[in-house]
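Student: Handing you this structure, nothing more for now.
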There are 2 protein chains.
Amino acid sequence: MTKDSVSKTSRRGLLQAGLAGVGAIAAAPAMAQQDYITAAMKTPGRPFSPYGMPATYESGVKRLVGPPGVNPGTGSSRTPLEMLEGIITPSGLHYERHHNGVPDIDPAAHRLLIHGLVKNPLEFSIDALMRYPRISAMHFMECGGNSGANSGPTPPPLTAGGIHGLLSCSEWTGVKLSLLLDEAGVQPEGKWMLAESGDAAGLSRSIPLAAAHEVGILALYQNGERIRPEQGYPVRLLMPGWEGNLNIKWLHRLKVVPGPMNTKDETSKYSLLQPDGKSRQFNFPLPVKSTITRPSGNMTMSGAGYYEVSGLAWSGHGAIAKVEVSLDGGKTWAAADMPGPVLPQCLTKFRINWDWDGKPATIMSRATDEKGNVQPPHAVWMAQYAPGQAYQNNGIQCWAIGADNTVKNAYA
Amino acid sequence: MTKDSVSKTSRRGLLQAGLAGVGAIAAAPAMAQQDYITAAMKTPGRPFSPYGMPATYESGVKRLVGPPGVNPGTGSSRTPLEMLEGIITPSGLHYERHHNGVPDIDPAAHRLLIHGLVKNPLEFSIDALMRYPRISAMHFMECGGNSGANSGPTPPPLTAGGIHGLLSCSEWTGVKLSLLLDEAGVQPEGKWMLAESGDAAGLSRSIPLAAAHEVGILALYQNGERIRPEQGYPVRLLMPGWEGNLNIKWLHRLKVVPGPMNTKDETSKYSLLQPDGKSRQFNFPLPVKSTITRPSGNMTMSGAGYYEVSGLAWSGHGAIAKVEVSLDGGKTWAAADMPGPVLPQCLTKFRINWDWDGKPATIMSRATDEKGNVQPPHAVWMAQYAPGQAYQNNGIQCWAIGADNTVKNAYA
């Protein structure tokens, strides 16, 4: 009665279900005389609760928080992607990237200012924003620095979350920014907007106004309830598919300006250093990307047999069109299933069956989006930039599986 | 600077955005000289956390838990639908319906037995279930007794959640039941299955085997993380769109049987009493239904002007095809927007604009599903059953709005 026990009927069962070629599954014959009345069936359970939490047995499923440094609120925590399923990230496990911690903002006192090159400078309380028509959509959020660990000379021995966990996905609800910009009345010379956060970092980014008007949302809700403090409570700018950093949290000011402002957050950071020493500034939509989350780094295989290989794909440019998986180090590729929903600028789940022969294997996934963008091999991605450039790394992710059942991050 | 302040530019702004006919919105002119450096911008925030929680300012957003009775774990708690947005219910706010509280089940010790009329009785540990291929899908869960408060002679003065809050929606991930049934090998005389819970209530229901084989899922994950204790940790039977009660939580046994077992949970309860004194037993898929959640019961209107009227629609028979809204007591109806995603057996969000003239009004929604089922008027639904029959009430829900800005539950 262990996970390693194998029944011959199991193999036949999966074959009947059309999963030809897969190996043994782990059911066990029932013990006909066993008493199936368990301890939990003899004890009344605990009563109702106003706000539920995960089972205590799942306390190991948590964000990957690094050790506190000189500034305890500066840095990031990561979503444990390999422990999760589906496309929605529970809000409690959404990644964090803060530059000066999580501010405590009373929504009754918070104001959003729209000013600069507008006819009518306006100020919105949260109650005021709550009266506008709303829009809901599922979108991923990803830090521009996500997967940067794979930009070094050797592959770091990390989990999927450790490498790619500055990535999460929520159903967001809010107000279309265009309604408020139109209400303020943008002047003809207003071509960009400065968005500034209401925390002690005063994070600020320049955003082309046409795009902000087209797709920007002021997010008030996340996964049904009010947006969490770590994601910008009481209001966050949402630019679906754009670098996480541009989705300004704790939003308190939008200033319409003639051109980019070259703030500290978009010159010293979030620009892409080229081999010739120049930097590419303003890299807005995130590139097409994917990763296998099961099996993945630092998991232990259970020996030869059947495995579902599954993972996540996403693109800042639209919906995912295709995910291919290679189970032989990149020699051959097969299209994975994408059972859906497949939504634009949203995580997409992919799944494919694998009958592992127990020999060393390197597995990887390659995503293509609806615009035809294809995830490049790791070495191709690296060659585009100067050494050490770690933003927007979308090189293909490999996992090397050993005959000793280990799974390790690898560059193929 | 209050939510009741009104600017003329606001009205023009919304007109520019194409929302002709709507009233005033609540932005205020900016105070040009105001200092926009807030207290939160002068104080470092709190550091990273392994598992996040809602803002303390949102502590009022919680499940509606009734006062404890003789058996503290027997009864229900409701999702505060009117406080939420989008289609995903945060797992902490998913409704609860327990018959003997929430059991504490160690997943390492839990077993699922499949026995009865099968060739190979099998027993599955959670680790074993984890090795099968998975399926993810977003589905609502609704108690068969939901909205039963509206089956009485007078409309109860409740909120949307108070009436309809035995309703929630999650992204579920698990194993197709068909894989396990095929592995056990159902004998020809096996036509139904008994599903039994592993709590102290031993809740058990009879389910036709063909349907269980076609759509049944053993749910292991909810909204990305492992399924919550209140929803059946470590494994729940999911029959998408069927009465919540049939989606057996803490699932520990499936017995294949020749016919229905007429258990205590499907004879004394969850059967529909007809006017002639006979009961309709085994009412599996939930009927098509909708409710307006904003504005809704016990909210206070802010006077005449623009409102977004929004709510939720769902059907156990498939996807929602149409939601119509009446803002004049049922005299005229208009199709609401359903921006999507529109998924089968899943909550669907609908939205429509309204310029309220401030006079008394009765508003309501009417859903139609892809099979052509239409939500009946309250009185038509009532006439189908004996007085007091309160299961599967899908009569049209009305909110009466007064000139004094009150919103009350009403029978139209």
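Following the order of the structure tokens, chains are lettered A, B, ..., residues in each are numbered from 1, and ligands are numbered from 1.
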Tell me, counting only C-alpha atoms, for each residue of chain B within 6 Å of chain A, which pair of atoms is nearest and how far apart they are in Å to one decimal, in rows ordered by chain and increasing number, as a Markdown table.
Tutor:
| residue | atom | partner | partner_atom | distance |
| --- | --- | --- | --- | --- |
| B:Lys3 | CA | A:Ala128 | CA | 5.2 |
| B:Ser10 | CA | A:Glu183 | CA | 5.5 |
| B:Gly13 | CA | A:Glu183 | CA | 3.8 |
| B:Ala26 | CA | A:Ala128 | CA | 4.9 |
| B:Ala27 | CA | A:Phe124 | CA | 5.2 |
| B:Ala28 | CA | A:Glu123 | CA | 5.4 |
| B:Pro29 | CA | A:Leu122 | CA | 4.5 |
| B:Ala30 | CA | A:Leu122 | CA | 4.5 |
| B:Ala40 | CA | A:Asp199 | CA | 5.5 |
| B:Met41 | CA | A:Ala200 | CA | 3.9 |
| B:Lys42 | CA | A:Ala200 | CA | 5.4 |
| B:Thr43 | CA | A:Ala200 | CA | 5.8 |
| B:Pro44 | CA | A:Asn100 | CA | 5.6 |
| B:Gly45 | CA | A:Gly101 | CA | 4.0 |
| B:Arg46 | CA | A:Gly101 | CA | 4.9 |
| B:Pro47 | CA | A:Gly73 | CA | 4.2 |
| B:Pro50 | CA | A:Arg63 | CA | 4.6 |
| B:Tyr51 | CA | A:Gly92 | CA | 4.8 |
| B:Gly52 | CA | A:Gly92 | CA | 4.0 |
| B:Met53 | CA | A:Gly92 | CA | 5.9 |
| B:Pro54 | CA | A:Arg228 | CA | 5.3 |
| B:Ala55 | CA | A:Pro229 | CA | 5.7 |
| B:Lys62 | CA | A:Pro50 | CA | 5.1 |
| B:Arg63 | CA | A:Pro50 | CA | 4.6 |
| B:Pro72 | CA | A:Pro47 | CA | 5.4 |
| B:Gly73 | CA | A:Pro47 | CA | 4.2 |
| B:Leu84 | CA | A:Gly224 | CA | 5.0 |
| B:Glu85 | CA | A:Gly224 | CA | 4.6 |
| B:Gly86 | CA | A:Gly224 | CA | 5.4 |
| B:Ile88 | CA | A:Gly224 | CA | 5.5 |
| B:Thr89 | CA | A:Gly224 | CA | 5.4 |
| B:Pro90 | CA | A:Asn223 | CA | 5.9 |
| B:Gly92 | CA | A:Gly52 | CA | 4.0 |
| B:Leu93 | CA | A:Tyr51 | CA | 5.7 |
| B:Asn100 | CA | A:Pro44 | CA | 5.6 |
| B:Gly101 | CA | A:Gly45 | CA | 4.0 |
| B:Val102 | CA | A:Gly45 | CA | 4.3 |
| B:Pro103 | CA | A:Gly45 | CA | 4.3 |
| B:Pro121 | CA | A:Ala30 | CA | 5.2 |
| B:Leu122 | CA | A:Ala30 | CA | 4.4 |
| B:Glu123 | CA | A:Ala30 | CA | 4.9 |
| B:Phe124 | CA | A:Ala27 | CA | 5.2 |
| B:Asp127 | CA | A:Lys3 | CA | 5.6 |
| B:Ala128 | CA | A:Ala26 | CA | 4.9 |
| B:Pro133 | CA | A:Glu308 | CA | 5.3 |
| B:Ser136 | CA | A:Gly86 | CA | 5.7 |
| B:Asp182 | CA | A:Gly13 | CA | 5.4 |
| B:Glu183 | CA | A:Gly13 | CA | 3.9 |
| B:Gly198 | CA | A:Met41 | CA | 5.7 |
| B:Asp199 | CA | A:Met41 | CA | 4.5 |
| B:Ala200 | CA | A:Met41 | CA | 3.9 |
| B:Asn223 | CA | A:Ile88 | CA | 5.6 |
| B:Gly224 | CA | A:Glu85 | CA | 4.6 |
| B:Glu225 | CA | A:Leu84 | CA | 5.2 |
| B:Arg228 | CA | A:Pro54 | CA | 5.3 |
| B:Pro229 | CA | A:Ala55 | CA | 5.7 |
| B:Glu308 | CA | A:Pro133 | CA | 5.4 |
Student: Looking at only C-alpha atoms, which of A:Gly305, A:Pro344, A:Pro376, A:Pro156 is the one that sits closest to A:Ala321?
Tutor: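 The shortest atom-to-atom distance to A:Ala321 comes from A:Pro344.
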Student: Residues near stretch 159-167 of chain A, anyone? I mean within 6 Å using only C-alpha atoms, not counting same-chain ones fewer than 4 positions away, as an NGL selection string.
Tutor: :A and (78-82 or 95 or 141-143 or 146-147 or 293 or 297-298)
Student: Quote the spacing between atom CA of B:Thr263 and atom CA of B:Gly244 in Å to one decimal place.
Tutor: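 These two atoms are separated by 16.2 Å.
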Student: I want to know what sits within 9 Å of B:Ala367, based on only C-alpha atoms, with residues of the same chain fewer than 3 positions away left out; could you give that as a list of chain:residue names?
Tutor: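 Selected residues are B:Val288, B:Lys289, B:Ser290, B:Thr291, B:Ala313, B:Trp314, B:Ser315, B:Ile320, B:Ala321, B:Lys322, B:Val323, B:Glu324, B:Val325, B:Asn373, B:Val374, B:Gln375, B:Ile396.
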